[in-house]
Amino acid sequence: MKIAVVGAGAIGGYLGAKLAIAGEDVTFIARNRNLEAIRARGFRLILEDGREEHAPTAKAVQTMAEAGPQDAVLLTLKAHQVRDVLPDLRALFGPQTVVVTMINGIPWWYFHKLGGAFEGRQLESVDPGGLIDAHIERERIIGSVVYPASELVEPGVVRVIEGNRFTLGELDGERTPRIEALSQALMRAGFKAPVSRDIRSELWIKLWGNLSFNPISALTHATLEQICRFEPTRALAAAMMREAQTVAEALGVRFKISLEQRIAGAEAVGAHKTSMLQDVEQGRALELEALVGSVVELGRITGTPTPTIDAIYAATRLLAQSLAAQRGRLQMEPLG
C-alpha cells in the first residue's frame with residue numbers, strides 16, 4: 001500500500017516506521033531537521049522494552065507534490081495544524097485515496113454521515129468557515145482513534161511510551177473493502193487495528209480523558225498520575241467528564257466503560273506529561289479547540305450546560321493567548 005504520513009512527529013513516526021518495516025511504501029512529509037534525518041538515516045523506533053527498530057527504506061519529502069497520489073494519507077498532525085497543509089494536501093489525492101484522520105479531539109467531520117437532526121452541521125471551533133471540509137471530500141475520510149503514547153526524542157527517532165492500538169471506522173459505520181485493507185496493513189505492521197461500527201463513541205472514550213486531563217495538566221504542570229492521585233484535581237476531572245458525558249449522550253453516544261474506569265486508565269499510564277503540557281513547556285500552540293472548545297460548542301448545540309468545562313476552557317485559553325503574545329514557554333525548574 002502506498003501511504004503518505006502527513007506529520008512526521010511522535011505518532012506519525014511510530015506509524016510510518018512500523019508500516020515501512022512491514023513492507024509498505026511509506027513517504028513522510030517532513031521539514032527541517034526531521035526531513036534531513038529521515039533522508040540520511042531512515043526512521044528509528046525505541047520500543048517500550050528498550051529494543052530498537054529501524055526503517056531504512058522510509059522516504060521523506062518536503063512537499064506533497066513530490067510524493068504524488070497515494071492509496072492512503074495518514075493525517076497525524078495536531079488538529080489546529082490541518083488548515084496549514086491546505087490546499088497542498090490535494091497533491092496526495094488520486095481517485096481512490098482515503099484520508100485517515102489520526103487526530104485527537106472532535107473532528108471537523110463529526111456531523112457528516114451521522115444522520116438525525118444534526119446531520120451536516122459545521123463545527124466552528126474546529127473548522128471555522130468550513131475550510132477543511134471544502135478541501136477534503138467527505139467520501140475520502142476514515143475516522144481513527146489514536147491510543148498509543150510516544151514522543152519524538154530527536155529528529156527521525158521516536159520513543160514509544162505505551163500502546164499499539166489504532167481503532168478505525170467509516171463515518172457511516174459500514175465495513176468497507178477499503179477499511180478492511182487499511183486495517184490489514186496496520187495489523188501486518190504489528191498494530192491492533194479494530195474496525196468500529198460506531199467510531200464516534202470510540203472517539204468520545206479517548207476525548208473523555210483528553211478534555212479534562214490535558215487542560216488541567218497545562219494549568220498545573222502535573223502528570224497524569226499526579227492529577228489522578230490528588231483528590232481535588234481528580235474530582236475536577238470527574239466533574240468535567242460528567243458534563244462531557246451528558247453532552248455526548250445527547251448526541252446518541254454510548255459509553256462502554258465507566259467514568260472511574262477511564263480515570264483509572266489514565267492513572268495507570270503513570271508519570272506521563274500530557275501533550276498539552278508538553279506544548280506549554282515547549283512554547284507550541286495548544287490543541288485546545290479540538291479537545292475542549294469543541295465540547296463547549298457541542299454543549300451549546302445540544303442545550304447542555306457545561307459550567308466546569310467552560311471555566312477550565314477559559315483559563316486555559318487565556319494561558320494559550322498569553323504564551324502566544326509573549327512567544328514564550330512555561331516550564332517548572334528547581335530553584336538554585
# chains A, B, ... in the order shown; residues from 1 in each chain; ligands from 1
>>> residues_around(residues="Gln326 in chain A", least_positions_apart="6", cutoff="12 Å", atoms="only C-alpha atoms", output="PyMOL selection string")
chain A and resi 283-284+319-320
>>> write_last_selection(atoms="N, CA, C and O atoms", output="PDB file, in the first residue's frame")
ATOM      1  N   GLY A 283       6.529  25.872  24.246  1.00  0.00           N
ATOM      2  CA  GLY A 283       6.096  27.102  23.589  1.00  0.00           C
ATOM      3  C   GLY A 283       5.374  26.876  22.278  1.00  0.00           C
ATOM      4  O   GLY A 283       5.400  27.728  21.386  1.00  0.00           O
ATOM      5  N   ARG A 284       4.713  25.731  22.164  1.00  0.00           N
ATOM      6  CA  ARG A 284       3.947  25.429  20.945  1.00  0.00           C
ATOM      7  C   ARG A 284       2.474  25.772  21.143  1.00  0.00           C
ATOM      8  O   ARG A 284       1.983  25.830  22.282  1.00  0.00           O
ATOM      9  N   LEU A 319      -4.260  31.270  29.089  1.00  0.00           N
ATOM     10  CA  LEU A 319      -2.871  30.823  29.138  1.00  0.00           C
ATOM     11  C   LEU A 319      -2.290  30.733  27.733  1.00  0.00           C
ATOM     12  O   LEU A 319      -1.173  31.212  27.470  1.00  0.00           O
ATOM     13  N   ALA A 320      -3.036  30.127  26.810  1.00  0.00           N
ATOM     14  CA  ALA A 320      -2.572  29.988  25.428  1.00  0.00           C
ATOM     15  C   ALA A 320      -2.327  31.348  24.784  1.00  0.00           C
ATOM     16  O   ALA A 320      -1.332  31.554  24.080  1.00  0.00           O
TER      17      ALA A 320
END
>>> residues_around(residues="Ile312 in chain A", least_positions_apart="3", cutoff="9 Å", atoms="only C-alpha atoms", output="PyMOL selection string")
chain A and resi 212+215-216+219+240+292+307-309+315-317
>>> write_last_selection(atoms="N, CA, C and O atoms", output="PDB file, in the first residue's frame")
ATOM      1  N   SER A 212     -10.280  16.725  29.859  1.00  0.00           N
ATOM      2  CA  SER A 212     -10.090  17.077  31.274  1.00  0.00           C
ATOM      3  C   SER A 212      -8.614  17.081  31.652  1.00  0.00           C
ATOM      4  O   SER A 212      -8.078  18.089  32.139  1.00  0.00           O
ATOM      5  N   PRO A 215      -6.103  20.028  29.734  1.00  0.00           N
ATOM      6  CA  PRO A 215      -6.053  21.403  30.249  1.00  0.00           C
ATOM      7  C   PRO A 215      -5.670  21.493  31.717  1.00  0.00           C
ATOM      8  O   PRO A 215      -4.971  22.431  32.120  1.00  0.00           O
ATOM      9  N   ILE A 216      -6.095  20.526  32.544  1.00  0.00           N
ATOM     10  CA  ILE A 216      -5.699  20.559  33.958  1.00  0.00           C
ATOM     11  C   ILE A 216      -4.180  20.445  34.082  1.00  0.00           C
ATOM     12  O   ILE A 216      -3.548  21.153  34.871  1.00  0.00           O
ATOM     13  N   LEU A 219      -2.447  23.704  33.097  1.00  0.00           N
ATOM     14  CA  LEU A 219      -2.571  24.747  34.118  1.00  0.00           C
ATOM     15  C   LEU A 219      -1.759  24.439  35.365  1.00  0.00           C
ATOM     16  O   LEU A 219      -1.276  25.361  36.041  1.00  0.00           O
ATOM     17  N   MET A 240     -15.697  17.498  35.003  1.00  0.00           N
ATOM     18  CA  MET A 240     -15.642  17.810  33.574  1.00  0.00           C
ATOM     19  C   MET A 240     -16.114  16.623  32.741  1.00  0.00           C
ATOM     20  O   MET A 240     -16.851  16.783  31.762  1.00  0.00           O
ATOM     21  N   VAL A 292     -11.274  20.808  23.845  1.00  0.00           N
ATOM     22  CA  VAL A 292     -12.138  21.414  24.850  1.00  0.00           C
ATOM     23  C   VAL A 292     -13.171  22.358  24.229  1.00  0.00           C
ATOM     24  O   VAL A 292     -14.370  22.252  24.503  1.00  0.00           O
ATOM     25  N   PRO A 307     -20.667  24.066  32.850  1.00  0.00           N
ATOM     26  CA  PRO A 307     -20.011  25.143  33.607  1.00  0.00           C
ATOM     27  C   PRO A 307     -18.571  24.844  34.011  1.00  0.00           C
ATOM     28  O   PRO A 307     -17.719  25.741  33.962  1.00  0.00           O
ATOM     29  N   THR A 308     -18.281  23.615  34.394  1.00  0.00           N
ATOM     30  CA  THR A 308     -16.907  23.290  34.809  1.00  0.00           C
ATOM     31  C   THR A 308     -15.973  23.300  33.601  1.00  0.00           C
ATOM     32  O   THR A 308     -14.865  23.851  33.658  1.00  0.00           O
ATOM     33  N   ILE A 309     -16.415  22.691  32.516  1.00  0.00           N
ATOM     34  CA  ILE A 309     -15.610  22.707  31.291  1.00  0.00           C
ATOM     35  C   ILE A 309     -15.401  24.145  30.826  1.00  0.00           C
ATOM     36  O   ILE A 309     -14.287  24.529  30.430  1.00  0.00           O
ATOM     37  N   ALA A 315      -9.740  29.531  31.384  1.00  0.00           N
ATOM     38  CA  ALA A 315      -8.420  29.706  31.983  1.00  0.00           C
ATOM     39  C   ALA A 315      -7.315  29.219  31.046  1.00  0.00           C
ATOM     40  O   ALA A 315      -6.272  29.881  30.889  1.00  0.00           O
ATOM     41  N   THR A 316      -7.530  28.083  30.395  1.00  0.00           N
ATOM     42  CA  THR A 316      -6.507  27.533  29.506  1.00  0.00           C
ATOM     43  C   THR A 316      -6.387  28.365  28.233  1.00  0.00           C
ATOM     44  O   THR A 316      -5.289  28.542  27.691  1.00  0.00           O
ATOM     45  N   ARG A 317      -7.504  28.894  27.786  1.00  0.00           N
ATOM     46  CA  ARG A 317      -7.475  29.745  26.590  1.00  0.00           C
ATOM     47  C   ARG A 317      -6.672  31.018  26.856  1.00  0.00           C
ATOM     48  O   ARG A 317      -5.899  31.474  25.998  1.00  0.00           O
TER      49      ARG A 317
END
>>> residues_around(residues="range 186-197 of chain A", least_positions_apart="6", cutoff="6 Å", atoms="only C-alpha atoms", output="ChimeraX atom specification")
/A:18-19,22,164-169,173
>>> select_by_dssp(residues="range 107-329 of chain A", states="strand (DSSP E)", output="PyMOL selection string")
chain A and resi 141-146+149-154+157-162+166-170
>>> residues_around(residues="Pro148 in chain A", least_positions_apart="2", cutoff="9 Å", atoms="only C-alpha atoms", output="list in words")
Ile11, Val146, Ser150, Val160, Ile161, Glu162, Gly163, Asn164, Arg165 and Phe166 of chain A
>>> atom_distance(atom1="CA of Gly209 in chain A", atom2="CA of Ala264 in chain A")
10.4 Å
>>> residues_around(residues="Arg138 in chain A", least_positions_apart="6", cutoff="12 Å", atoms="only C-alpha atoms", output="list in words")
Thr97, Val98, Val99, Val100, Thr101, Trp108, Trp109, Tyr110, Phe111, His112, Lys113, Leu114, Gly120, Ile132, Glu170, Leu171 and Asp172 of chain A
>>> write_last_selection(atoms="N, CA and C atoms", output="tab-separated table (two decimals), in the first residue's frame")
chain	number	residue	atom	x	y	z
A	97	THR	N	-8.01	7.68	-3.20
A	97	THR	CA	-7.23	7.94	-1.99
A	97	THR	C	-8.13	8.14	-0.78
A	98	VAL	N	-7.79	7.47	0.32
A	98	VAL	CA	-8.51	7.68	1.58
A	98	VAL	C	-7.66	8.57	2.49
A	99	VAL	N	-8.34	9.34	3.31
A	99	VAL	CA	-7.68	10.23	4.27
A	99	VAL	C	-8.07	9.74	5.67
A	100	VAL	N	-7.08	9.30	6.43
A	100	VAL	CA	-7.33	8.75	7.77
A	100	VAL	C	-6.99	9.82	8.79
A	101	THR	N	-7.98	10.26	9.55
A	101	THR	CA	-7.78	11.35	10.49
A	101	THR	C	-7.33	10.78	11.84
A	108	TRP	N	-13.53	17.67	12.49
A	108	TRP	CA	-14.39	18.57	11.71
A	108	TRP	C	-15.54	17.83	11.05
A	109	TRP	N	-15.38	16.54	10.80
A	109	TRP	CA	-16.39	15.76	10.08
A	109	TRP	C	-17.44	15.14	11.01
A	110	TYR	N	-17.47	15.51	12.27
A	110	TYR	CA	-18.27	14.80	13.26
A	110	TYR	C	-19.73	14.61	12.83
A	111	PHE	N	-20.34	15.63	12.24
A	111	PHE	CA	-21.76	15.55	11.89
A	111	PHE	C	-22.00	15.06	10.46
A	112	HIS	N	-20.96	14.67	9.74
A	112	HIS	CA	-21.12	14.16	8.38
A	112	HIS	C	-21.47	12.67	8.42
A	113	LYS	N	-22.48	12.29	7.70
A	113	LYS	CA	-22.95	10.89	7.63
A	113	LYS	C	-23.40	10.38	9.00
A	114	LEU	N	-23.81	11.29	9.86
A	114	LEU	CA	-24.28	10.90	11.19
A	114	LEU	C	-25.77	10.57	11.17
A	120	GLY	N	-24.75	17.00	8.92
A	120	GLY	CA	-24.12	18.01	8.07
A	120	GLY	C	-23.76	19.31	8.77
A	132	ILE	N	-11.60	23.25	5.96
A	132	ILE	CA	-11.11	21.87	5.83
A	132	ILE	C	-12.12	21.04	5.05
A	170	GLU	N	-15.46	3.81	9.39
A	170	GLU	CA	-16.11	4.64	8.37
A	170	GLU	C	-17.11	5.55	9.07
A	171	LEU	N	-17.34	6.72	8.49
A	171	LEU	CA	-18.22	7.70	9.14
A	171	LEU	C	-19.65	7.20	9.26
A	172	ASP	N	-20.07	6.34	8.32
A	172	ASP	CA	-21.43	5.80	8.37
A	172	ASP	C	-21.50	4.43	9.03
>>> residues_around(residues="Ala17 in chain A", least_positions_apart="2", cutoff="7 Å", atoms="only C-alpha atoms", output="list of chain:residue names")
A:Gly13, A:Tyr14, A:Leu15, A:Leu19, A:Ala20, A:Ile21, A:Phe43, A:Ala55, A:Ala58
>>> write_last_selection(atoms="C-alpha atoms", output="PDB file, in the first residue's frame")
ATOM      1  CA  GLY A  13       6.792   8.490  13.079  1.00  0.00           C
ATOM      2  CA  TYR A  14       5.642   5.448  15.048  1.00  0.00           C
ATOM      3  CA  LEU A  15       3.058   4.534  12.436  1.00  0.00           C
ATOM      4  CA  LEU A  19       4.486   0.298   8.238  1.00  0.00           C
ATOM      5  CA  ALA A  20       7.728   0.769   6.289  1.00  0.00           C
ATOM      6  CA  ILE A  21       9.414  -2.086   8.203  1.00  0.00           C
ATOM      7  CA  PHE A  43      13.392   6.341  10.870  1.00  0.00           C
ATOM      8  CA  ALA A  55      13.106   1.677   8.919  1.00  0.00           C
ATOM      9  CA  ALA A  58      11.280   5.129   4.737  1.00  0.00           C
TER      10      ALA A  58
END
>>> closest_residue(among="A:Ser183, A:Thr223, A:Gln81, A:Ser144", to="Ala271 in chain A", atoms="only C-alpha atoms")
A:Thr223
>>> closest_residue(among="A:Thr27, A:Asn214, A:Thr274, A:Gln70", to="Pro95 in chain A", atoms="only C-alpha atoms")
A:Gln70
>>> select_by_dssp(residues="range 103-201 of chain A", states="helix (DSSP H, G or I)", output="PyMOL selection string")
chain A and resi 128-135+138-140+177-188+199-201
>>> closest_residue(among="A:Ile257, A:Ala290, A:Ala266, A:Ile46", to="Asp127 in chain A", atoms="only C-alpha atoms")
A:Ala290
>>> closest_residue(among="A:Val82, A:Val157, A:Leu75, A:Leu92", to="Arg33 in chain A", atoms="only C-alpha atoms")
A:Val157
>>> closest_residue(among="A:Leu323, A:Phe255, A:Gln261, A:Glu151", to="Gln278 in chain A", atoms="only C-alpha atoms")
A:Glu151
>>> closest_residue(among="A:Gly156, A:Leu203, A:Phe230, A:Val5", to="Ala40 in chain A", atoms="only C-alpha atoms")
A:Gly156
